[in-house]
Structures are given as structure tokens and as C-alpha cells.
Amino acid sequence: IQMTQSPPSLSASVGDRVTITCRASQDIGSSLAWYQKRPEKAPKSLIYAASTLQPGVPSRFSGSGSGTDFTLTISSLQPEDSATYYCQQYKSYPLTFGGGTKVEIK
Amino acid sequence: EVQLVESGGGLVQPGGSLRLSCEASGFNFGFYTMNWVRQGPGKGLEWVSSIGASSSSIYYADSVKGRFTTSRDNDKNVLYLQMNSLRGDDTALYFCAKGVGVGGTERYWGQGALVTVSS
């Protein structure tokens, strides 16, 4: 299953609403997770089951979608949100990740 | 608190071998599928392998099939990745992860072990 993210990168200001999209090449139901990744650090899990927030993740992060089209939204961008974001399908093996969206703060 | 701690990374020559370990704590290790994911320099996240709770099901990415072997010791709460015939494109930060496989829910990651394949 191929996972396609867009855009590849974006630049936004603190307080902006940011939306990242992820498209699966076939129906994956709700088997979709989102991660935040900073260089040389472990991925941070944000969302699983397309819209369930991982414990401890700020509520400004939210996920939606099902089937083939999914969205990660940051409602009010914060400086610490500067990172690369990845989607991942876990409907079937091989597990696959999107190519990533790099979020920069203006 | 779930903790995953990788060890065993290092510098190895092409064609060489290395074994990574991941010590788990804070959850009932023997009940969960465990996974290896890697990130090469300047690249995205790449799934490497998953192993079921009882080791009866093991899956590999095509890029490592036949060269890497995943195993686990549920008595010691340790996950292993035996890497043979290493190549330059295996150079990456290798992460141990819980919950990222099929059917997973909450997911947790180790801090990573750096593997560098170079002569």
C-alpha cells in the first residue's frame, strides 16, 4: 500500500492552522497513524486509528478521515511543532509510511 | 511507563554483521507485536520488521529479507535484530517500536541505535 503525503513542506506562522493530507493507494479503513519526527530523535506518536489522540499529545493536534484520504490538523501552530510529520498505514504488511511533510515556522 | 531501550549499534564494514537489542519495560512484553523501523540519513521512516507476540508470525521488508532476522525472548523482555550481509544503504538510526504493527493501538518508540556501514 503506497502512502502519499502533501505538501512535502510548508511554512506557517505561530498561531496558524496547518493541515497535512495523506492518501492511501487502497482502502485502509481507519488503520492510519501520524508521527512527529525531529532530527536524531525518536518519532513521537500523535494519532492512531485515524483520529485517536495518543495519551499526552496536545489537543491542538487532530486527525480525520477513513478509507483512502486522511488529514492531520494542527489548530494553532506552536514553535515546538517545527518538525517533519509522517503518516503510516497499518492495515496490512508491509507497513508503509508517507514521504513526510516538513513544517517550518516563519 | 513504557520504556524501550535499544543497544548494539556501531560501525561495521560492508558485508559484516551486527545484532541490535531492545530491552522493554513498563508493559506485558509477551502480549504484544514488536517492530523495527529505521531512518537513513536524509531519508524518511522505513519499516524493517515485525514479530508477533509468540514469534509465530514474523514479517520483513523486501529490502532486508534474507539478510536480517528478528527474534524475541519473552522471558527476558528483549527484542533482537540480527543483521547480516550489511550494505551501505543499511546505514540508519534503528528504532524499536511497540504498537505500530497491524492491529496496534497506542504506540511507543525507543531512542534509536545508530548503525553505520562503511569501510
# chains A, B, ... in the order shown; residues from 1 in each chain; ligands from 1
>>> interface_residues(of="chain B", to="chain A", cutoff="6 Å", atoms="only C-alpha atoms", output="number ranges by chain")
B: 101-102, 111
>>> residues_around(residues="region 9-25 of chain A", least_positions_apart="2", cutoff="6 Å", atoms="only C-alpha atoms", output="list in words")
Ile1, Gln2, Met3, Thr4, Gln5, Ser6, Pro7, Thr68, Asp69, Phe70, Thr71, Leu72, Thr73, Ile74, Ser75, Ser76, Leu77, Gln78, Thr101, Lys102, Val103, Glu104, Ile105 and Lys106 of chain A
>>> residues_around(residues="region 69-78 of chain B", least_positions_apart="5", cutoff="6 Å", atoms="only C-alpha atoms", output="VMD selection string")
chain B and resid 22 to 24 29 to 30
>>> residues_around(residues="region 34-47 of chain B", least_positions_apart="3", cutoff="6 Å", atoms="only C-alpha atoms", output="compact mmCIF listing (two decimals) with C-alpha atoms, in the first residue's frame")
# COMPACT_ATOMS: atom_id res chain seq x y z
CA SER B 50 7.55 -7.05 12.85
CA ILE B 51 7.31 -10.10 15.11
CA THR B 91 23.21 2.84 7.46
CA ALA B 92 20.44 4.28 9.61
CA LEU B 93 19.09 5.00 13.04
CA TYR B 94 17.18 1.86 14.03
CA PHE B 95 14.15 2.20 16.30
CA CYS B 96 12.36 -0.43 18.31
CA ALA B 97 8.63 0.26 18.48
CA LYS B 98 5.52 -1.10 20.16
>>> residues_around(residues="Phe31 (chain B)", least_positions_apart="5", cutoff="9 Å", atoms="only C-alpha atoms", output="ChimeraX atom specification")
/B:52-54,74
>>> write_last_selection(atoms="all heavy atoms", output="tab-separated table (two decimals), in the first residue's frame")
chain	number	residue	atom	x	y	z
B	52	GLY	N	5.29	-11.22	15.88
B	52	GLY	CA	4.14	-11.40	16.74
B	52	GLY	C	4.53	-11.78	18.15
B	52	GLY	O	5.68	-12.12	18.43
B	53	ALA	N	3.55	-11.75	19.03
B	53	ALA	CA	3.80	-11.96	20.45
B	53	ALA	C	4.47	-13.30	20.76
B	53	ALA	O	5.35	-13.38	21.63
B	53	ALA	CB	2.48	-11.84	21.23
B	54	SER	N	4.07	-14.35	20.04
B	54	SER	CA	4.61	-15.68	20.29
B	54	SER	C	5.69	-16.08	19.29
B	54	SER	O	6.13	-17.22	19.29
B	54	SER	CB	3.48	-16.71	20.22
B	54	SER	OG	2.93	-16.73	18.92
B	74	ASN	N	10.74	-13.56	25.38
B	74	ASN	CA	9.67	-13.04	26.23
B	74	ASN	C	9.96	-13.22	27.72
B	74	ASN	O	9.36	-12.54	28.56
B	74	ASN	CB	8.34	-13.70	25.87
B	74	ASN	CG	7.78	-13.20	24.55
B	74	ASN	OD1	8.24	-12.20	24.00
B	74	ASN	ND2	6.80	-13.90	24.01
>>> atom_distance(atom1="CA of Phe68 (chain B)", atom2="CA of Gln13 (chain B)")
15.8 Å
>>> closest_residue(among="B:Ile58, B:Val48, B:Val12, B:Val100", to="Gly88 (chain B)", atoms="only C-alpha atoms")
B:Val12
>>> atom_distance(atom1="CA of Tyr108 (chain B)", atom2="CA of Glu1 (chain B)")
10.2 Å
>>> select_by_dssp(residues="chain A", states="strand (DSSP E)", output="compact mmCIF listing (two decimals) with all heavy atoms, in the first residue's frame")
# COMPACT_ATOMS: atom_id res chain seq x y z
N MET A 3 1.61 5.23 0.37
CA MET A 3 1.09 6.35 1.13
C MET A 3 1.69 7.64 0.56
O MET A 3 2.91 7.76 0.48
CB MET A 3 1.43 6.22 2.62
CG MET A 3 0.99 4.91 3.24
SD MET A 3 -0.78 4.63 3.15
CE MET A 3 -1.40 5.93 4.21
N THR A 4 0.84 8.58 0.17
CA THR A 4 1.30 9.81 -0.44
C THR A 4 0.87 10.99 0.41
O THR A 4 -0.32 11.19 0.64
CB THR A 4 0.72 9.96 -1.86
OG1 THR A 4 1.07 8.81 -2.64
CG2 THR A 4 1.26 11.21 -2.53
N GLN A 5 1.86 11.76 0.87
CA GLN A 5 1.59 12.93 1.68
C GLN A 5 1.73 14.21 0.88
O GLN A 5 2.53 14.29 -0.05
CB GLN A 5 2.58 13.01 2.85
CG GLN A 5 2.25 12.14 4.01
CD GLN A 5 3.24 12.33 5.15
OE1 GLN A 5 3.94 11.38 5.52
NE2 GLN A 5 3.30 13.52 5.72
N SER A 6 0.96 15.22 1.26
CA SER A 6 1.12 16.54 0.68
C SER A 6 0.74 17.61 1.70
O SER A 6 -0.11 17.37 2.57
CB SER A 6 0.25 16.69 -0.58
OG SER A 6 -1.13 16.53 -0.25
N SER A 9 6.45 20.10 2.03
CA SER A 9 6.89 21.05 3.04
C SER A 9 5.94 22.23 3.08
O SER A 9 5.20 22.48 2.11
CB SER A 9 8.32 21.53 2.75
OG SER A 9 8.35 22.27 1.55
N LEU A 10 5.96 22.93 4.21
CA LEU A 10 5.16 24.13 4.35
C LEU A 10 5.81 25.04 5.38
O LEU A 10 6.54 24.58 6.27
CB LEU A 10 3.72 23.79 4.72
CG LEU A 10 3.44 23.14 6.07
CD1 LEU A 10 3.22 24.18 7.17
CD2 LEU A 10 2.25 22.21 5.99
N SER A 11 5.50 26.32 5.26
CA SER A 11 5.98 27.31 6.21
C SER A 11 4.77 28.09 6.71
O SER A 11 3.96 28.56 5.90
CB SER A 11 7.00 28.24 5.54
OG SER A 11 7.49 29.18 6.45
N ALA A 12 4.63 28.20 8.00
CA ALA A 12 3.48 28.88 8.58
C ALA A 12 3.89 29.65 9.83
O ALA A 12 4.96 29.40 10.40
CB ALA A 12 2.38 27.87 8.91
N VAL A 18 -2.78 24.54 10.48
CA VAL A 18 -1.99 23.81 9.48
C VAL A 18 -2.66 22.47 9.20
O VAL A 18 -3.09 21.76 10.12
CB VAL A 18 -0.55 23.57 10.00
CG1 VAL A 18 0.19 22.59 9.12
CG2 VAL A 18 0.20 24.90 10.09
N THR A 19 -2.73 22.13 7.91
CA THR A 19 -3.36 20.87 7.51
C THR A 19 -2.42 20.10 6.60
O THR A 19 -1.87 20.66 5.64
CB THR A 19 -4.69 21.12 6.78
OG1 THR A 19 -5.58 21.79 7.67
CG2 THR A 19 -5.31 19.81 6.34
N ILE A 20 -2.23 18.83 6.91
CA ILE A 20 -1.41 17.92 6.11
C ILE A 20 -2.31 16.78 5.66
O ILE A 20 -3.10 16.26 6.46
CB ILE A 20 -0.23 17.38 6.95
CG1 ILE A 20 0.67 18.52 7.41
CG2 ILE A 20 0.56 16.34 6.17
CD1 ILE A 20 1.69 18.11 8.47
N THR A 21 -2.18 16.39 4.41
CA THR A 21 -3.02 15.32 3.91
C THR A 21 -2.18 14.08 3.57
O THR A 21 -1.00 14.16 3.26
CB THR A 21 -3.81 15.75 2.68
OG1 THR A 21 -2.89 16.07 1.62
CG2 THR A 21 -4.66 16.97 2.98
N CYS A 22 -2.84 12.95 3.64
CA CYS A 22 -2.22 11.65 3.38
C CYS A 22 -3.23 10.81 2.60
O CYS A 22 -4.40 10.71 3.01
CB CYS A 22 -1.85 10.99 4.70
SG CYS A 22 -1.09 9.34 4.56
N ARG A 23 -2.78 10.24 1.50
CA ARG A 23 -3.67 9.41 0.68
C ARG A 23 -3.09 8.01 0.53
O ARG A 23 -1.90 7.85 0.23
CB ARG A 23 -3.86 10.04 -0.69
CG ARG A 23 -4.68 9.19 -1.67
CD ARG A 23 -5.16 9.99 -2.85
NE ARG A 23 -6.21 10.92 -2.45
CZ ARG A 23 -6.78 11.80 -3.28
NH1 ARG A 23 -6.36 11.89 -4.53
NH2 ARG A 23 -7.73 12.59 -2.86
N ALA A 24 -3.92 7.01 0.76
CA ALA A 24 -3.52 5.61 0.60
C ALA A 24 -3.92 5.11 -0.78
O ALA A 24 -4.95 5.54 -1.33
CB ALA A 24 -4.18 4.76 1.68
N LEU A 32 -4.63 4.14 10.33
CA LEU A 32 -3.72 5.21 9.94
C LEU A 32 -3.21 5.90 11.19
O LEU A 32 -3.99 6.23 12.10
CB LEU A 32 -4.47 6.20 9.03
CG LEU A 32 -3.75 7.29 8.25
CD1 LEU A 32 -3.32 8.47 9.12
CD2 LEU A 32 -2.53 6.75 7.51
N ALA A 33 -1.89 6.10 11.22
CA ALA A 33 -1.26 6.78 12.34
C ALA A 33 -0.45 7.97 11.83
O ALA A 33 -0.04 8.01 10.67
CB ALA A 33 -0.35 5.83 13.12
N TRP A 34 -0.24 8.93 12.73
CA TRP A 34 0.57 10.12 12.43
C TRP A 34 1.69 10.22 13.47
O TRP A 34 1.48 10.00 14.66
CB TRP A 34 -0.27 11.38 12.49
CG TRP A 34 -1.26 11.54 11.37
CD1 TRP A 34 -2.58 11.22 11.40
CD2 TRP A 34 -1.00 12.09 10.08
NE1 TRP A 34 -3.16 11.53 10.20
CE2 TRP A 34 -2.22 12.07 9.37
CE3 TRP A 34 0.14 12.60 9.43
CZ2 TRP A 34 -2.34 12.53 8.06
CZ3 TRP A 34 0.02 13.05 8.13
CH2 TRP A 34 -1.20 13.03 7.45
N TYR A 35 2.87 10.63 12.98
CA TYR A 35 4.03 10.80 13.84
C TYR A 35 4.71 12.14 13.57
O TYR A 35 4.69 12.64 12.45
CB TYR A 35 5.07 9.69 13.60
CG TYR A 35 4.52 8.30 13.74
CD1 TYR A 35 4.12 7.58 12.63
CD2 TYR A 35 4.37 7.72 15.00
CE1 TYR A 35 3.60 6.30 12.76
CE2 TYR A 35 3.85 6.45 15.13
CZ TYR A 35 3.46 5.74 14.00
OH TYR A 35 2.93 4.49 14.14
N GLN A 36 5.35 12.66 14.61
CA GLN A 36 6.19 13.85 14.52
C GLN A 36 7.63 13.40 14.67
O GLN A 36 7.95 12.63 15.59
CB GLN A 36 5.82 14.82 15.65
CG GLN A 36 6.62 16.08 15.70
CD GLN A 36 6.34 16.84 16.99
OE1 GLN A 36 6.73 16.41 18.08
NE2 GLN A 36 5.67 17.97 16.88
N LYS A 37 8.50 13.88 13.79
CA LYS A 37 9.89 13.43 13.83
C LYS A 37 10.83 14.62 13.75
O LYS A 37 10.76 15.44 12.83
CB LYS A 37 10.16 12.48 12.66
CG LYS A 37 11.56 11.91 12.59
CD LYS A 37 11.82 10.92 13.67
CE LYS A 37 13.16 10.20 13.52
NZ LYS A 37 14.31 11.12 13.64
N LYS A 44 7.68 10.73 17.56
CA LYS A 44 6.68 10.93 18.61
C LYS A 44 5.33 10.57 18.02
O LYS A 44 4.93 11.12 16.98
CB LYS A 44 6.67 12.38 19.09
CG LYS A 44 5.62 12.67 20.14
CD LYS A 44 5.64 14.14 20.57
CE LYS A 44 4.57 14.43 21.60
NZ LYS A 44 4.56 15.85 22.00
N SER A 45 4.65 9.65 18.66
CA SER A 45 3.34 9.23 18.17
C SER A 45 2.31 10.29 18.51
O SER A 45 2.23 10.74 19.65
CB SER A 45 2.96 7.89 18.81
OG SER A 45 3.90 6.90 18.45
N LEU A 46 1.52 10.68 17.52
CA LEU A 46 0.49 11.71 17.72
C LEU A 46 -0.91 11.12 17.72
O LEU A 46 -1.71 11.40 18.62
CB LEU A 46 0.59 12.76 16.62
CG LEU A 46 1.89 13.54 16.48
CD1 LEU A 46 1.84 14.44 15.26
CD2 LEU A 46 2.18 14.34 17.74
N ILE A 47 -1.22 10.35 16.70
CA ILE A 47 -2.58 9.87 16.48
C ILE A 47 -2.52 8.45 15.93
O ILE A 47 -1.62 8.11 15.15
CB ILE A 47 -3.30 10.82 15.48
CG1 ILE A 47 -3.67 12.12 16.19
CG2 ILE A 47 -4.53 10.16 14.86
CD1 ILE A 47 -4.06 13.23 15.27
N TYR A 48 -3.49 7.62 16.35
CA TYR A 48 -3.67 6.31 15.73
C TYR A 48 -5.16 6.11 15.48
O TYR A 48 -5.98 6.92 15.93
CB TYR A 48 -3.09 5.19 16.59
CG TYR A 48 -3.73 5.04 17.97
CD1 TYR A 48 -4.79 4.16 18.16
CD2 TYR A 48 -3.29 5.78 19.06
CE1 TYR A 48 -5.38 4.01 19.39
CE2 TYR A 48 -3.88 5.63 20.30
CZ TYR A 48 -4.92 4.75 20.46
OH TYR A 48 -5.51 4.61 21.69
N THR A 52 -7.65 9.03 16.89
CA THR A 52 -7.48 8.87 18.34
C THR A 52 -6.15 9.47 18.76
O THR A 52 -5.10 9.08 18.27
CB THR A 52 -7.54 7.39 18.74
OG1 THR A 52 -8.79 6.84 18.33
CG2 THR A 52 -7.37 7.24 20.24
N LEU A 53 -6.23 10.42 19.70
CA LEU A 53 -5.03 11.09 20.16
C LEU A 53 -4.23 10.18 21.09
O LEU A 53 -4.79 9.60 22.03
CB LEU A 53 -5.44 12.38 20.89
CG LEU A 53 -4.49 13.57 20.86
CD1 LEU A 53 -4.26 14.05 19.44
CD2 LEU A 53 -5.06 14.71 21.72
N PHE A 61 -3.54 19.03 18.17
CA PHE A 61 -3.38 18.04 17.10
C PHE A 61 -4.68 17.24 16.96
O PHE A 61 -5.26 16.81 17.95
CB PHE A 61 -2.23 17.08 17.41
CG PHE A 61 -0.88 17.71 17.36
CD1 PHE A 61 -0.29 18.20 18.52
CD2 PHE A 61 -0.18 17.81 16.17
CE1 PHE A 61 0.96 18.80 18.48
CE2 PHE A 61 1.08 18.39 16.12
CZ PHE A 61 1.64 18.89 17.28
N SER A 62 -5.12 17.05 15.72
CA SER A 62 -6.29 16.22 15.48
C SER A 62 -6.14 15.53 14.13
O SER A 62 -5.43 15.99 13.24
CB SER A 62 -7.58 17.04 15.52
OG SER A 62 -7.59 17.98 14.47
N GLY A 63 -6.81 14.39 14.02
CA GLY A 63 -6.78 13.63 12.78
C GLY A 63 -8.19 13.28 12.33
O GLY A 63 -9.10 13.15 13.15
N SER A 64 -8.35 13.13 11.02
CA SER A 64 -9.65 12.76 10.48
C SER A 64 -9.45 11.95 9.21
O SER A 64 -8.35 11.88 8.65
CB SER A 64 -10.49 14.00 10.21
OG SER A 64 -9.89 14.79 9.19
N GLY A 65 -10.55 11.34 8.76
CA GLY A 65 -10.53 10.59 7.51
C GLY A 65 -10.75 9.12 7.70
O GLY A 65 -10.68 8.59 8.82
N SER A 66 -11.02 8.45 6.60
CA SER A 66 -11.14 6.99 6.57
C SER A 66 -11.10 6.55 5.12
O SER A 66 -11.33 7.35 4.21
CB SER A 66 -12.42 6.52 7.25
OG SER A 66 -13.55 6.94 6.52
N ASP A 69 -8.39 8.69 2.26
CA ASP A 69 -8.00 10.09 2.45
C ASP A 69 -8.04 10.49 3.92
O ASP A 69 -9.07 10.33 4.58
CB ASP A 69 -8.91 10.99 1.62
CG ASP A 69 -8.71 10.79 0.12
OD1 ASP A 69 -7.55 10.84 -0.32
OD2 ASP A 69 -9.70 10.58 -0.58
N PHE A 70 -6.91 11.06 4.37
CA PHE A 70 -6.75 11.38 5.78
C PHE A 70 -6.12 12.76 5.93
O PHE A 70 -5.42 13.24 5.04
CB PHE A 70 -5.85 10.34 6.45
CG PHE A 70 -6.39 8.93 6.34
CD1 PHE A 70 -6.09 8.15 5.23
CD2 PHE A 70 -7.21 8.42 7.32
CE1 PHE A 70 -6.61 6.87 5.11
CE2 PHE A 70 -7.73 7.14 7.21
CZ PHE A 70 -7.43 6.36 6.10
N THR A 71 -6.35 13.35 7.10
CA THR A 71 -5.86 14.70 7.37
C THR A 71 -5.33 14.78 8.79
O THR A 71 -5.96 14.26 9.72
CB THR A 71 -6.97 15.73 7.19
OG1 THR A 71 -7.44 15.69 5.84
CG2 THR A 71 -6.46 17.13 7.48
N LEU A 72 -4.18 15.45 8.94
CA LEU A 72 -3.66 15.85 10.25
C LEU A 72 -3.78 17.37 10.32
O LEU A 72 -3.33 18.07 9.41
CB LEU A 72 -2.20 15.44 10.42
CG LEU A 72 -1.51 15.95 11.69
CD1 LEU A 72 -2.06 15.26 12.94
CD2 LEU A 72 0.01 15.76 11.61
N THR A 73 -4.39 17.87 11.39
CA THR A 73 -4.55 19.30 11.57
C THR A 73 -3.90 19.74 12.87
O THR A 73 -4.04 19.09 13.90
CB THR A 73 -6.04 19.68 11.59
OG1 THR A 73 -6.65 19.32 10.34
CG2 THR A 73 -6.21 21.18 11.80
N ILE A 74 -3.14 20.81 12.77
CA ILE A 74 -2.63 21.50 13.97
C ILE A 74 -3.42 22.79 14.06
O ILE A 74 -3.32 23.65 13.17
CB ILE A 74 -1.12 21.78 13.86
CG1 ILE A 74 -0.35 20.51 13.50
CG2 ILE A 74 -0.60 22.36 15.18
CD1 ILE A 74 1.13 20.72 13.21
N ALA A 83 8.95 20.41 12.73
CA ALA A 83 9.35 19.01 12.63
C ALA A 83 8.89 18.48 11.29
O ALA A 83 8.26 19.18 10.51
CB ALA A 83 8.73 18.19 13.76
N THR A 84 9.20 17.20 11.04
CA THR A 84 8.65 16.51 9.89
C THR A 84 7.57 15.55 10.37
O THR A 84 7.76 14.86 11.37
CB THR A 84 9.74 15.75 9.12
OG1 THR A 84 10.73 16.69 8.67
CG2 THR A 84 9.16 15.04 7.90
N TYR A 85 6.46 15.52 9.67
CA TYR A 85 5.31 14.71 10.06
C TYR A 85 5.12 13.58 9.04
O TYR A 85 5.20 13.81 7.83
CB TYR A 85 4.05 15.57 10.16
CG TYR A 85 4.15 16.55 11.29
CD1 TYR A 85 4.84 17.75 11.15
CD2 TYR A 85 3.60 16.26 12.54
CE1 TYR A 85 4.98 18.64 12.21
CE2 TYR A 85 3.72 17.14 13.60
CZ TYR A 85 4.41 18.31 13.43
OH TYR A 85 4.56 19.19 14.49
N TYR A 86 4.87 12.38 9.56
CA TYR A 86 4.70 11.20 8.72
C TYR A 86 3.38 10.52 9.03
O TYR A 86 2.99 10.39 10.20
CB TYR A 86 5.81 10.17 8.97
CG TYR A 86 7.19 10.60 8.55
CD1 TYR A 86 8.03 11.27 9.44
CD2 TYR A 86 7.66 10.34 7.26
CE1 TYR A 86 9.30 11.66 9.05
CE2 TYR A 86 8.93 10.73 6.86
CZ TYR A 86 9.74 11.39 7.76
OH TYR A 86 11.00 11.78 7.38
N CYS A 87 2.71 10.06 7.97
CA CYS A 87 1.58 9.15 8.16
C CYS A 87 2.07 7.73 7.94
O CYS A 87 3.13 7.50 7.33
CB CYS A 87 0.43 9.49 7.23
SG CYS A 87 0.78 9.33 5.45
N GLN A 88 1.34 6.76 8.47
CA GLN A 88 1.70 5.35 8.35
C GLN A 88 0.42 4.50 8.32
O GLN A 88 -0.46 4.70 9.15
CB GLN A 88 2.55 4.89 9.53
CG GLN A 88 2.93 3.41 9.50
CD GLN A 88 2.67 2.69 10.81
OE1 GLN A 88 2.62 3.28 11.87
NE2 GLN A 88 2.51 1.37 10.74
N GLN A 89 0.36 3.58 7.37
CA GLN A 89 -0.77 2.65 7.36
C GLN A 89 -0.36 1.37 8.07
O GLN A 89 0.77 0.91 7.95
CB GLN A 89 -1.27 2.35 5.94
CG GLN A 89 -0.34 1.55 5.05
CD GLN A 89 -0.38 0.05 5.30
OE1 GLN A 89 -1.32 -0.50 5.88
NE2 GLN A 89 0.67 -0.66 4.85
N THR A 96 3.73 0.73 5.73
CA THR A 96 4.30 1.77 4.87
C THR A 96 4.04 3.16 5.44
O THR A 96 2.99 3.41 6.04
CB THR A 96 3.75 1.68 3.44
OG1 THR A 96 2.32 1.49 3.48
CG2 THR A 96 4.37 0.53 2.69
N PHE A 97 5.03 4.03 5.22
CA PHE A 97 4.96 5.41 5.66
C PHE A 97 4.83 6.34 4.46
O PHE A 97 5.29 6.03 3.36
CB PHE A 97 6.25 5.80 6.41
CG PHE A 97 6.42 5.11 7.74
CD1 PHE A 97 7.00 3.85 7.82
CD2 PHE A 97 6.02 5.73 8.92
CE1 PHE A 97 7.17 3.22 9.04
CE2 PHE A 97 6.19 5.11 10.15
CZ PHE A 97 6.76 3.84 10.21
N THR A 101 6.10 15.41 5.63
CA THR A 101 5.82 16.82 5.41
C THR A 101 6.64 17.62 6.41
O THR A 101 6.45 17.47 7.62
CB THR A 101 4.33 17.14 5.59
OG1 THR A 101 3.57 16.45 4.60
CG2 THR A 101 4.09 18.64 5.49
N LYS A 102 7.55 18.44 5.90
CA LYS A 102 8.38 19.25 6.78
C LYS A 102 7.66 20.55 7.10
O LYS A 102 7.31 21.31 6.19
CB LYS A 102 9.73 19.53 6.13
CG LYS A 102 10.72 20.23 7.05
CD LYS A 102 12.08 20.32 6.41
CE LYS A 102 13.10 20.93 7.37
NZ LYS A 102 14.46 20.99 6.77
N VAL A 103 7.45 20.81 8.37
CA VAL A 103 6.76 22.02 8.82
C VAL A 103 7.78 22.97 9.41
O VAL A 103 8.49 22.61 10.37
CB VAL A 103 5.67 21.68 9.83
CG1 VAL A 103 5.05 22.96 10.40
CG2 VAL A 103 4.59 20.81 9.20
N GLU A 104 7.84 24.15 8.85
CA GLU A 104 8.75 25.19 9.34
C GLU A 104 7.95 26.36 9.88
O GLU A 104 6.84 26.65 9.40
CB GLU A 104 9.68 25.64 8.22
CG GLU A 104 10.64 24.55 7.73
CD GLU A 104 11.56 25.05 6.64
OE1 GLU A 104 11.16 25.97 5.89
OE2 GLU A 104 12.67 24.50 6.50
N ILE A 105 8.51 27.05 10.84
CA ILE A 105 7.88 28.21 11.44
C ILE A 105 8.45 29.46 10.77
O ILE A 105 9.68 29.62 10.68
CB ILE A 105 8.13 28.28 12.95
CG1 ILE A 105 7.77 26.95 13.61
CG2 ILE A 105 7.35 29.45 13.57
CD1 ILE A 105 6.31 26.58 13.52
>>> residues_around(residues="Ser25 (chain B)", least_positions_apart="2", cutoff="7 Å", atoms="only C-alpha atoms", output="VMD selection string")
chain B and resid 2 to 4 23 27
>>> atom_distance(atom1="CA of Ala50 (chain A)", atom2="CA of Ser30 (chain A)")
5.2 Å
